[in-house]
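Note sheet for the following structure.
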Amino acid sequence: MKEFNSESIRNIALVGHGGSGKTSFAEIMLYTAGETTRIGNIAEGNTVSDYSSNEIEKQYSISLSLLHAEWNNTKINIIDTPGYSDFIGEVQCGLRVADTAVMVLKAVEGVEVSSEIIYRSIKEQKKPMAVVVNKIDHERSDYQNVIKIARERLNPGVVVITFPVNEGNNVDTVVDILKMKAYQYGAAGTKKVTEIDIPADAKADADKFRTELIEKVAEGSEELMNKYLEEGDLSEQELTNGILESILKGDLVPAFAISSTKCVGANNFMDFTSSFLPSPVNIPASEATMKDAGTKVEVKCNAAGEPVIFIFKTISEQHVGELSLFRVYSGSVQAGLDILNVSNGKIERINQLSVLNGRNRKDITKLVAGDIGSVVKLKDSHTNNTLASKSLSVILPTIKFPESIISSAIIPRAKGDEDKIANGLHTIHEEDPSFSHKFDPELAQTIIFGQGEIHLDLAVKRLKERYGVEVDLAEPKIPYRETIKGRCESMEYKHKKQSGGRGQFGHIYLKVEPLPRGTGFQFEDIIVGGVVPGRFVPAVEKGVAEVMTRGILSGCQVIDIKVTLFDGSYHPVDSDEMSFKIAGSMGFKKAFMEAKPCLLEPIYEVEVTMPEECMGDVMGDISSRRGKILGMESDGHFQKIKALVPLAELYKYSSTLRSLTGGRGAHTRKFSHYEDVPKEVENKIVEEYKKLKEEGN
Ligand SMILES: Nc1nc2c(ncn2[C@@H]2O[C@H](COP(=O)(O)OP(=O)(O)O)[C@@H](O)[C@H]2O)c(=O)[nH]1
Ligand SMILES: [Mg+2]
C-alpha cells in the first residue's frame, strides 16, 4: 500500500440502527474502490466486515471492524459499527477516532430508535456528520421524506448532495447536486457508472436542493451571506471551502442516496468524502493531559511531531493473539518503534504494523498522524491507553463507556473452572469495556454486567468457544440485610460442657437494641467487678460479629444493632476464649430472635427515559414491581421517570423495558437505601433459607 499524508486521510464511522445496511454499504465501497474482487453479502455470511463466527451466525455486526479503501488519492478508513443497543460500547469506540460520523438510515423507516440514541453521542462528541439513506431500491423507499424526518429529529442542517431519480425496485440513477449531473449505475458488480445530464423530471428538484445547499453554506459566514444576497450565487471555490467549514461546525450534514444491494451511489459518496469531508488536519487539536504535571496540552495532527497514539479497541484472535487498533494523533509510527504506554508506564515495541480490511491484515512500514491501523502482541496495553514518546508523556481523553444496565450471576457447570472463567471474563472485558464482571464475596457469586441480554449471552458463548468452559446465567442473589425492630433487654446464655478432662464454660447476659439505619454494629462492655474477665470480652464480641456477618434469618448480613454485655460468670479452670465466643454467638442468636427480627432489601433509584406514548405502560409496570414513582420530567422527544424500585424486582428489567417501548426506552439505576421487605416476601425468603440449610447447603 502506498503512503498517504495526513491531508489525504478520511476517517469515517458508519453508525446507525441495526439492519440499516452499514456493513453492506462498507462492502460495496471496498468493491467499488478495488479493495475486493467480489461483493459479499449478509445472508451468505461472507462480508469483509462481519467476519467473526458469531456475526456470520447471527447475521448482524457485533464488534466494530476496521476497513479502508483508496479513492481519488485519499485513503478512506471506514469503521463499521454494530447497530444493536447491546453493542453501543463499540459505537463509542468507533466514534472516538472517526472524524465524520456517517449515520446510515433506511429509505423506508428513516430515523429509528438507535439512530436517535447514537445521534446524541455524535452531538456530545461534537463530531461532524453525514447521512446515508440506504435501500433506495425498496419499493416503498421515500428519500425526500427521510430527509425531512432527519432534519426534524436529528439535525436541521441535513442537505441533499445526491438524490435518486427513479427510486424503488428499478433504481439505477442518482443526481449529484455539486456536479449538477446525473449518474447512471450499471448492474451490481459491473462498476459501470455513466455521467448523464440531469433527466428533465429531476431538474426542478436538483435546482431546489442546490439552492438549499448554497444557502446553508452562505449562512456560515456574514461575508458569504452578503455575497449571496448581492449576487444570488457563490463561486465554486467559496462553495468548496464553505462546505468543509459548515460540516466542521456541525451546521451542514450532507446526505446521500444509496442502494447497497444494487451498488448505486457509492462513487458519488466517495467522491464527496475525498473532496469535502474533513481530513484529520482539519479537525481541532485534541486536548490531552501531561502525565506528571497534569497540565493541559494540545496534540496537533502533525506528522513531524512526537508520536502519540491512542488504542480504541483490542481484539483477541485465535492464532494471532491480541490485536490493538489505534489511531495516530501525532507524529508517525514505524515498525520497530519503542513507545511508552503513558497510561501504565511500560515501554512497548511496535513490532508488526498493519492496516485492516476486517480480518485481513496487510503489513505496512509506517502510519502517519491521523491514520488508523493495528499492531499485534503489545505486552500490556489496552483500550483507552495512550502511547507516546517519553519526551511527550501525554494522556488523551478516554472513551466513555456506557454504564451497565443488566447483570446476571454465572454458575460454572463444572467444578475447578473458576480460574479459567476469571481469565476469560477478564479478556472479554479488555476487548469490550462495556462488559464487566466481579466476584461478590457476600453473595459468593460471580456477577457479570453488560448492555443487554444478547451481550451477556455472547459472553457466555465466548467463554465456551475460547476457553472451553461452560457456565449458566442465573438471577444474582439479592444482598438482603437482617435487623431488629424491637429490643431484648436481657438474654442469658450459658455454654457449659463437662466431658472428662478440662471442660468448657462461658456465661453471659446480653442486651440487644436497634440502631438508626446506616449505623452498623456497636458492641459495649459494661461488666463491673470482673464477673466476665476482660480477656474474654473480645471473644464474646467476636462471637456476636461472626453471627452478624453470616446472618440468621436468610444468610444475609445483620446490620444496625447495638449489643451490650452486662453480666455473666466464669470458671477459673474451664473458661476459655472459645467458650465465651460460643456463648456470644448463641446468646446473640437467641436475643435477635426475640427482638422482632426483620429483613431489609436494597432499593434502587431508577431513571427511565422513553417516548411519551409509552409512559402509561412503563408506569404501570413499575407499580407492579413494587416501585414508587418519585417524579417525571420531559427531555426533548422523551419523558423521564424517576422511581424507587426494589432490586429484587429489577432482574431482566432492560428486556421488559425494551419490549414495552419497542426498543425506544432506556434506564439507569443506582443503589439508594435499604427498606423493610413486605411480610409475605420475607416469609418466602426465610422459608427458602431454612430449606436450604436443612438440605445442608
Ligand atoms: N433491499 C436492500 N437491502 C439491503 C440494502 N443494504 C443492506 N440490505 C439488507 O439489509 C440487511 C441488513 O444489512 P446490514 O448490512 O447487515 O445492516 P447493518 O446492521 O446496518 O450493518 C441485510 O439483509 C442486507 O442484505 C439495500 O441497499 N437494499
Ligand atoms: Mg453491520
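In the C-alpha cells, chains take the letters A, B, ... in the order shown, each chain's residues start at 1, and ligands count up from 1 in the order shown.
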
- [ ] Would you please extract all helix (DSSP H, G or I) residues from region 511-584 of chain A, as assigned by DSSP on the backbone, and give them as a ChimeraX atom specification?
- [x] /A:534-550,577-584

TODO: Kindly work out which residues sit at most 10 Å from ligand 2, using only C-alpha atoms and all ligand atoms, and give the list as a PyMOL selection string.
DONE: chain A and resi 14-26+42+47+49-50+55+59-65+80-84

Selection from above, N, CA and C atoms, as a PDB file, in the first residue's frame, can you write it?
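Final file, result-v9.pdb:
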ATOM      1  N   LEU A  14     -19.271   4.298  10.251  1.00  0.00           N
ATOM      2  CA  LEU A  14     -20.646   4.038   9.832  1.00  0.00           C
ATOM      3  C   LEU A  14     -21.436   3.673  11.080  1.00  0.00           C
ATOM      4  N   VAL A  15     -22.450   4.463  11.367  1.00  0.00           N
ATOM      5  CA  VAL A  15     -23.246   4.212  12.574  1.00  0.00           C
ATOM      6  C   VAL A  15     -24.723   4.213  12.201  1.00  0.00           C
ATOM      7  N   GLY A  16     -25.548   3.649  13.062  1.00  0.00           N
ATOM      8  CA  GLY A  16     -26.990   3.692  12.812  1.00  0.00           C
ATOM      9  C   GLY A  16     -27.688   2.460  13.323  1.00  0.00           C
ATOM     10  N   HIS A  17     -29.001   2.498  13.212  1.00  0.00           N
ATOM     11  CA  HIS A  17     -29.844   1.416  13.704  1.00  0.00           C
ATOM     12  C   HIS A  17     -29.446   0.077  13.059  1.00  0.00           C
ATOM     13  N   GLY A  18     -29.601  -1.015  13.788  1.00  0.00           N
ATOM     14  CA  GLY A  18     -29.288  -2.341  13.266  1.00  0.00           C
ATOM     15  C   GLY A  18     -30.087  -2.606  11.995  1.00  0.00           C
ATOM     16  N   GLY A  19     -29.437  -3.181  11.006  1.00  0.00           N
ATOM     17  CA  GLY A  19     -30.141  -3.562   9.787  1.00  0.00           C
ATOM     18  C   GLY A  19     -30.302  -2.443   8.775  1.00  0.00           C
ATOM     19  N   SER A  20     -29.706  -1.282   9.036  1.00  0.00           N
ATOM     20  CA  SER A  20     -29.867  -0.188   8.075  1.00  0.00           C
ATOM     21  C   SER A  20     -28.960  -0.380   6.855  1.00  0.00           C
ATOM     22  N   GLY A  21     -27.988  -1.258   6.986  1.00  0.00           N
ATOM     23  CA  GLY A  21     -27.156  -1.564   5.811  1.00  0.00           C
ATOM     24  C   GLY A  21     -25.741  -1.009   5.889  1.00  0.00           C
ATOM     25  N   LYS A  22     -25.250  -0.776   7.095  1.00  0.00           N
ATOM     26  CA  LYS A  22     -23.891  -0.240   7.259  1.00  0.00           C
ATOM     27  C   LYS A  22     -22.850  -1.210   6.710  1.00  0.00           C
ATOM     28  N   THR A  23     -22.976  -2.474   7.124  1.00  0.00           N
ATOM     29  CA  THR A  23     -21.997  -3.470   6.699  1.00  0.00           C
ATOM     30  C   THR A  23     -22.064  -3.668   5.185  1.00  0.00           C
ATOM     31  N   SER A  24     -23.284  -3.668   4.649  1.00  0.00           N
ATOM     32  CA  SER A  24     -23.436  -3.848   3.201  1.00  0.00           C
ATOM     33  C   SER A  24     -22.871  -2.654   2.446  1.00  0.00           C
ATOM     34  N   PHE A  25     -23.073  -1.466   2.989  1.00  0.00           N
ATOM     35  CA  PHE A  25     -22.559  -0.259   2.334  1.00  0.00           C
ATOM     36  C   PHE A  25     -21.026  -0.281   2.329  1.00  0.00           C
ATOM     37  N   ALA A  26     -20.439  -0.680   3.452  1.00  0.00           N
ATOM     38  CA  ALA A  26     -18.980  -0.776   3.515  1.00  0.00           C
ATOM     39  C   ALA A  26     -18.496  -1.757   2.448  1.00  0.00           C
ATOM     40  N   ILE A  42     -24.729 -10.287   3.468  1.00  0.00           N
ATOM     41  CA  ILE A  42     -25.017 -10.683   4.838  1.00  0.00           C
ATOM     42  C   ILE A  42     -25.573 -12.107   4.899  1.00  0.00           C
ATOM     43  N   THR A  47     -19.235 -11.185   4.161  1.00  0.00           N
ATOM     44  CA  THR A  47     -18.786  -9.798   4.034  1.00  0.00           C
ATOM     45  C   THR A  47     -17.413  -9.648   4.690  1.00  0.00           C
ATOM     46  N   SER A  49     -16.561  -7.185   6.613  1.00  0.00           N
ATOM     47  CA  SER A  49     -16.677  -6.590   7.934  1.00  0.00           C
ATOM     48  C   SER A  49     -17.219  -7.556   8.996  1.00  0.00           C
ATOM     49  N   ASP A  50     -18.259  -8.301   8.677  1.00  0.00           N
ATOM     50  CA  ASP A  50     -18.840  -9.228   9.664  1.00  0.00           C
ATOM     51  C   ASP A  50     -18.185 -10.597   9.508  1.00  0.00           C
ATOM     52  N   GLU A  55     -20.915 -13.320  14.225  1.00  0.00           N
ATOM     53  CA  GLU A  55     -21.566 -12.367  13.325  1.00  0.00           C
ATOM     54  C   GLU A  55     -22.155 -13.093  12.116  1.00  0.00           C
ATOM     55  N   GLN A  59     -25.966 -12.938  11.645  1.00  0.00           N
ATOM     56  CA  GLN A  59     -26.217 -12.050  10.515  1.00  0.00           C
ATOM     57  C   GLN A  59     -26.354 -10.592  10.914  1.00  0.00           C
ATOM     58  N   TYR A  60     -25.655 -10.199  11.959  1.00  0.00           N
ATOM     59  CA  TYR A  60     -25.502  -8.774  12.211  1.00  0.00           C
ATOM     60  C   TYR A  60     -24.171  -8.519  12.897  1.00  0.00           C
ATOM     61  N   SER A  61     -23.732  -7.242  12.857  1.00  0.00           N
ATOM     62  CA  SER A  61     -22.425  -6.912  13.416  1.00  0.00           C
ATOM     63  C   SER A  61     -22.471  -6.900  14.933  1.00  0.00           C
ATOM     64  N   ILE A  62     -21.390  -7.381  15.542  1.00  0.00           N
ATOM     65  CA  ILE A  62     -21.288  -7.432  16.998  1.00  0.00           C
ATOM     66  C   ILE A  62     -20.135  -6.546  17.466  1.00  0.00           C
ATOM     67  N   SER A  63     -19.015  -6.610  16.735  1.00  0.00           N
ATOM     68  CA  SER A  63     -17.856  -5.785  17.080  1.00  0.00           C
ATOM     69  C   SER A  63     -17.638  -4.771  15.966  1.00  0.00           C
ATOM     70  N   LEU A  64     -16.983  -3.687  16.314  1.00  0.00           N
ATOM     71  CA  LEU A  64     -16.640  -2.760  15.237  1.00  0.00           C
ATOM     72  C   LEU A  64     -15.583  -3.425  14.384  1.00  0.00           C
ATOM     73  N   SER A  65     -15.517  -3.066  13.092  1.00  0.00           N
ATOM     74  CA  SER A  65     -14.362  -3.531  12.338  1.00  0.00           C
ATOM     75  C   SER A  65     -13.790  -2.399  11.516  1.00  0.00           C
ATOM     76  N   ASP A  80     -16.801   0.204  10.631  1.00  0.00           N
ATOM     77  CA  ASP A  80     -18.183  -0.286  10.591  1.00  0.00           C
ATOM     78  C   ASP A  80     -18.568  -0.670  12.016  1.00  0.00           C
ATOM     79  N   THR A  81     -19.676  -0.133  12.513  1.00  0.00           N
ATOM     80  CA  THR A  81     -20.062  -0.406  13.903  1.00  0.00           C
ATOM     81  C   THR A  81     -21.392  -1.166  13.950  1.00  0.00           C
ATOM     82  N   PRO A  82     -21.643  -1.870  15.049  1.00  0.00           N
ATOM     83  CA  PRO A  82     -22.930  -2.554  15.185  1.00  0.00           C
ATOM     84  C   PRO A  82     -24.057  -1.560  15.509  1.00  0.00           C
ATOM     85  N   GLY A  83     -25.289  -1.972  15.261  1.00  0.00           N
ATOM     86  CA  GLY A  83     -26.410  -1.059  15.495  1.00  0.00           C
ATOM     87  C   GLY A  83     -27.266  -1.417  16.698  1.00  0.00           C
ATOM     88  N   TYR A  84     -27.108  -2.648  17.213  1.00  0.00           N
ATOM     89  CA  TYR A  84     -27.974  -3.042  18.331  1.00  0.00           C
ATOM     90  C   TYR A  84     -27.479  -2.431  19.635  1.00  0.00           C
TER      91      TYR A  84
END

Which of region 253-346 of chain A DSSP labels strand (DSSP E or B), written as an mmCIF file with N, CA and C atoms, in the first residue's frame:
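The new file result.cif reads:
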data_model
loop_
_atom_site.group_PDB
_atom_site.id
_atom_site.type_symbol
_atom_site.label_atom_id
_atom_site.label_comp_id
_atom_site.auth_asym_id
_atom_site.auth_seq_id
_atom_site.Cartn_x
_atom_site.Cartn_y
_atom_site.Cartn_z
ATOM 1 N N VAL A 253 -24.986 18.903 7.220
ATOM 2 C CA VAL A 253 -24.902 17.441 7.244
ATOM 3 C C VAL A 253 -25.253 16.944 5.853
ATOM 4 N N PRO A 254 -24.237 16.609 5.041
ATOM 5 C CA PRO A 254 -24.523 16.184 3.670
ATOM 6 C C PRO A 254 -25.229 14.831 3.642
ATOM 7 N N ALA A 255 -26.207 14.693 2.736
ATOM 8 C CA ALA A 255 -26.971 13.442 2.672
ATOM 9 C C ALA A 255 -26.856 12.800 1.292
ATOM 10 N N PHE A 256 -26.813 11.469 1.295
ATOM 11 C CA PHE A 256 -26.575 10.712 0.068
ATOM 12 C C PHE A 256 -27.600 9.595 -0.091
ATOM 13 N N ALA A 257 -27.957 9.352 -1.356
ATOM 14 C CA ALA A 257 -28.890 8.265 -1.650
ATOM 15 C C ALA A 257 -28.087 7.048 -2.103
ATOM 16 N N ILE A 258 -28.352 5.916 -1.451
ATOM 17 C CA ILE A 258 -27.550 4.715 -1.722
ATOM 18 C C ILE A 258 -28.452 3.478 -1.807
ATOM 19 N N SER A 259 -28.121 2.601 -2.734
ATOM 20 C CA SER A 259 -28.643 1.240 -2.634
ATOM 21 C C SER A 259 -27.429 0.316 -2.587
ATOM 22 N N VAL A 264 -25.664 1.283 -6.044
ATOM 23 C CA VAL A 264 -25.943 2.597 -6.607
ATOM 24 C C VAL A 264 -25.517 3.678 -5.618
ATOM 25 N N SER A 286 -6.469 17.748 19.677
ATOM 26 C CA SER A 286 -7.063 17.079 20.847
ATOM 27 C C SER A 286 -6.473 17.667 22.110
ATOM 28 N N GLU A 287 -7.316 17.853 23.096
ATOM 29 C CA GLU A 287 -6.799 18.344 24.364
ATOM 30 C C GLU A 287 -6.367 17.155 25.216
ATOM 31 N N ALA A 288 -5.071 17.103 25.514
ATOM 32 C CA ALA A 288 -4.541 15.989 26.301
ATOM 33 C C ALA A 288 -3.992 16.517 27.621
ATOM 34 N N THR A 289 -3.636 15.573 28.516
ATOM 35 C CA THR A 289 -3.116 15.968 29.821
ATOM 36 C C THR A 289 -1.704 15.435 29.970
ATOM 37 N N MET A 290 -0.779 16.288 30.421
ATOM 38 C CA MET A 290 0.581 15.816 30.678
ATOM 39 C C MET A 290 0.530 14.864 31.860
ATOM 40 N N LYS A 296 -2.711 20.833 30.800
ATOM 41 C CA LYS A 296 -3.347 20.514 29.527
ATOM 42 C C LYS A 296 -2.420 20.904 28.378
ATOM 43 N N VAL A 297 -2.352 20.058 27.372
ATOM 44 C CA VAL A 297 -1.602 20.406 26.163
ATOM 45 C C VAL A 297 -2.435 20.030 24.950
ATOM 46 N N GLU A 298 -2.156 20.690 23.852
ATOM 47 C CA GLU A 298 -2.863 20.354 22.626
ATOM 48 C C GLU A 298 -2.025 19.385 21.812
ATOM 49 N N VAL A 299 -2.641 18.314 21.368
ATOM 50 C CA VAL A 299 -1.932 17.398 20.483
ATOM 51 C C VAL A 299 -2.438 17.659 19.071
ATOM 52 N N VAL A 308 2.219 10.155 19.177
ATOM 53 C CA VAL A 308 1.187 9.936 20.198
ATOM 54 C C VAL A 308 0.113 9.070 19.547
ATOM 55 N N ILE A 309 -0.161 7.908 20.125
ATOM 56 C CA ILE A 309 -1.219 7.064 19.564
ATOM 57 C C ILE A 309 -2.211 6.679 20.655
ATOM 58 N N PHE A 310 -3.415 6.334 20.222
ATOM 59 C CA PHE A 310 -4.476 6.009 21.175
ATOM 60 C C PHE A 310 -5.122 4.688 20.757
ATOM 61 N N ILE A 311 -5.194 3.757 21.697
ATOM 62 C CA ILE A 311 -5.804 2.453 21.391
ATOM 63 C C ILE A 311 -7.305 2.535 21.648
ATOM 64 N N PHE A 312 -8.098 2.304 20.592
ATOM 65 C CA PHE A 312 -9.547 2.433 20.776
ATOM 66 C C PHE A 312 -10.252 1.089 20.783
ATOM 67 N N LYS A 313 -9.486 0.013 20.541
ATOM 68 C CA LYS A 313 -10.160 -1.288 20.516
ATOM 69 C C LYS A 313 -9.105 -2.381 20.563
ATOM 70 N N THR A 314 -9.350 -3.428 21.330
ATOM 71 C CA THR A 314 -8.468 -4.587 21.241
ATOM 72 C C THR A 314 -9.312 -5.798 20.878
ATOM 73 N N ILE A 315 -8.722 -6.621 20.045
ATOM 74 C CA ILE A 315 -9.426 -7.814 19.588
ATOM 75 C C ILE A 315 -8.511 -8.988 19.883
ATOM 76 N N SER A 316 -9.036 -10.002 20.559
ATOM 77 C CA SER A 316 -8.180 -11.142 20.813
ATOM 78 C C SER A 316 -8.562 -12.244 19.832
ATOM 79 N N GLU A 317 -7.629 -12.546 18.939
ATOM 80 C CA GLU A 317 -7.957 -13.517 17.890
ATOM 81 C C GLU A 317 -7.130 -14.776 18.045
ATOM 82 N N GLY A 321 -3.252 -13.716 18.590
ATOM 83 C CA GLY A 321 -3.017 -13.043 19.861
ATOM 84 C C GLY A 321 -3.801 -11.749 19.880
ATOM 85 N N GLU A 322 -3.346 -10.851 20.725
ATOM 86 C CA GLU A 322 -4.128 -9.633 20.851
ATOM 87 C C GLU A 322 -3.751 -8.608 19.797
ATOM 88 N N LEU A 323 -4.794 -8.092 19.159
ATOM 89 C CA LEU A 323 -4.627 -7.108 18.113
ATOM 90 C C LEU A 323 -5.110 -5.777 18.688
ATOM 91 N N SER A 324 -4.257 -4.737 18.636
ATOM 92 C CA SER A 324 -4.683 -3.435 19.154
ATOM 93 C C SER A 324 -4.943 -2.502 17.988
ATOM 94 N N LEU A 325 -6.143 -1.937 17.946
ATOM 95 C CA LEU A 325 -6.479 -0.975 16.911
ATOM 96 C C LEU A 325 -6.224 0.417 17.470
ATOM 97 N N PHE A 326 -5.515 1.232 16.716
ATOM 98 C CA PHE A 326 -5.168 2.545 17.257
ATOM 99 C C PHE A 326 -5.219 3.618 16.190
ATOM 100 N N ARG A 327 -5.300 4.848 16.671
ATOM 101 C CA ARG A 327 -5.182 5.988 15.766
ATOM 102 C C ARG A 327 -3.933 6.762 16.155
ATOM 103 N N VAL A 328 -3.216 7.214 15.140
ATOM 104 C CA VAL A 328 -2.055 8.059 15.394
ATOM 105 C C VAL A 328 -2.573 9.490 15.507
ATOM 106 N N TYR A 329 -2.321 10.125 16.633
ATOM 107 C CA TYR A 329 -2.778 11.505 16.803
ATOM 108 C C TYR A 329 -1.692 12.512 16.458
ATOM 109 N N SER A 330 -0.442 12.073 16.594
ATOM 110 C CA SER A 330 0.656 12.977 16.258
ATOM 111 C C SER A 330 1.866 12.143 15.870
ATOM 112 N N SER A 332 4.637 10.004 13.631
ATOM 113 C CA SER A 332 4.377 8.833 12.800
ATOM 114 C C SER A 332 4.918 7.610 13.522
ATOM 115 N N VAL A 333 4.405 6.477 13.125
ATOM 116 C CA VAL A 333 4.739 5.236 13.809
ATOM 117 C C VAL A 333 5.315 4.274 12.790
ATOM 118 N N GLN A 334 6.474 3.728 13.124
ATOM 119 C CA GLN A 334 7.093 2.771 12.220
ATOM 120 C C GLN A 334 7.319 1.455 12.941
ATOM 121 N N ASP A 338 10.020 1.926 19.721
ATOM 122 C CA ASP A 338 9.720 1.733 21.139
ATOM 123 C C ASP A 338 8.947 2.946 21.624
ATOM 124 N N ILE A 339 7.880 2.694 22.308
ATOM 125 C CA ILE A 339 6.992 3.795 22.693
ATOM 126 C C ILE A 339 6.461 3.519 24.098
ATOM 127 N N LEU A 340 6.233 4.613 24.829
ATOM 128 C CA LEU A 340 5.845 4.467 26.233
ATOM 129 C C LEU A 340 4.323 4.394 26.358
ATOM 130 N N ASN A 341 3.845 3.397 27.069
ATOM 131 C CA ASN A 341 2.426 3.400 27.403
ATOM 132 C C ASN A 341 2.265 4.360 28.579
ATOM 133 N N LYS A 346 4.674 1.499 30.999
ATOM 134 C CA LYS A 346 5.501 0.434 30.415
ATOM 135 C C LYS A 346 5.903 0.763 28.985
#

Open item on the list: So, with only C-alpha atoms as the atoms that count, which of A:Asp86, A:Glu695, A:Glu688, A:Glu682 lies closest to Leu456 (chain A)?
Closed with: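 That would be A:Asp86, the residue with the smallest distance to Leu456 (chain A).
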
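With only C-alpha atoms and all ligand atoms as the atoms that count, the minimum distance from ligand 1 to the choices A:Gly168, A:Glu152, A:Pro128, A:Ile410 is reached by A:Gly168.
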
TODO: May I ask for the distance between CA of Gly265 (chain A) and CA of Val217 (chain A), given in Å to one decimal place?
DONE: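 We find that CA of Gly265 (chain A) and CA of Val217 (chain A) lie 23.2 Å from each other.
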
Open item on the list: I want to know what sits within 12 Å of Pro441 (chain A), based on only C-alpha atoms, with residues of the same chain fewer than 5 positions away left out; could you give that as a PyMOL selection string?
Closed with: chain A and resi 446-447+477+479+549-550+556-557

Give me, as a PDB file with C-alpha atoms, in the first residue's frame, all polymer residues having an atom no more than 12 Å from Phe209 (chain A), counting only C-alpha atoms and skipping those fewer than 3 positions away in the same chain.
ATOM      1  CA  GLN A 144     -37.285  13.036   0.446  1.00  0.00           C
ATOM      2  CA  ILE A 147     -34.537  13.797   4.596  1.00  0.00           C
ATOM      3  CA  VAL A 158     -29.205  17.990   6.639  1.00  0.00           C
ATOM      4  CA  VAL A 159     -28.824  18.935   2.955  1.00  0.00           C
ATOM      5  CA  VAL A 160     -29.133  16.721  -0.081  1.00  0.00           C
ATOM      6  CA  ILE A 161     -25.956  16.069  -2.060  1.00  0.00           C
ATOM      7  CA  THR A 162     -27.323  13.158  -4.089  1.00  0.00           C
ATOM      8  CA  PHE A 163     -30.913  12.058  -4.627  1.00  0.00           C
ATOM      9  CA  VAL A 175     -28.354  13.205  -9.248  1.00  0.00           C
ATOM     10  CA  ASP A 176     -25.269  14.825  -7.752  1.00  0.00           C
ATOM     11  CA  ILE A 177     -26.072  18.442  -6.998  1.00  0.00           C
ATOM     12  CA  LEU A 178     -22.457  19.519  -6.654  1.00  0.00           C
ATOM     13  CA  MET A 180     -25.125  19.061 -11.353  1.00  0.00           C
ATOM     14  CA  ALA A 202     -35.463  15.701 -11.830  1.00  0.00           C
ATOM     15  CA  LYS A 203     -34.299  19.166 -12.840  1.00  0.00           C
ATOM     16  CA  ALA A 204     -36.593  21.106 -10.526  1.00  0.00           C
ATOM     17  CA  ASP A 205     -35.539  19.028  -7.503  1.00  0.00           C
ATOM     18  CA  ALA A 206     -31.881  19.391  -8.424  1.00  0.00           C
ATOM     19  CA  GLU A 212     -30.663  24.801  -0.268  1.00  0.00           C
ATOM     20  CA  LEU A 213     -27.003  23.807  -0.197  1.00  0.00           C
ATOM     21  CA  ILE A 214     -25.766  27.233  -1.270  1.00  0.00           C
ATOM     22  CA  GLU A 215     -27.993  28.933   1.279  1.00  0.00           C
ATOM     23  CA  LYS A 216     -26.790  26.653   4.011  1.00  0.00           C
ATOM     24  CA  PRO A 254     -24.523  16.184   3.670  1.00  0.00           C
ATOM     25  CA  ALA A 255     -26.971  13.442   2.672  1.00  0.00           C
TER      26      ALA A 255
END

Open item on the list: Measuring between only C-alpha atoms and all ligand atoms, which one of A:Glu546, A:Glu57, A:Asp137, A:Asp251 shows the shortest distance to ligand 1?
Closed with: A:Asp137

Open item on the list: So the first atom is CA of Met632 (chain A) and the second is CA of Val113 (chain A); what is the distance between them in Å, to one decimal place?
Closed with: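 These two atoms are separated by 21.0 Å.
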
Open item on the list: At a cut-off of 12 Å, using only C-alpha atoms, what residues contact Lys366 (chain A)? Leave out same-chain residues fewer than 4 positions from it and give the result as a count of residues only.
Closed with: 27
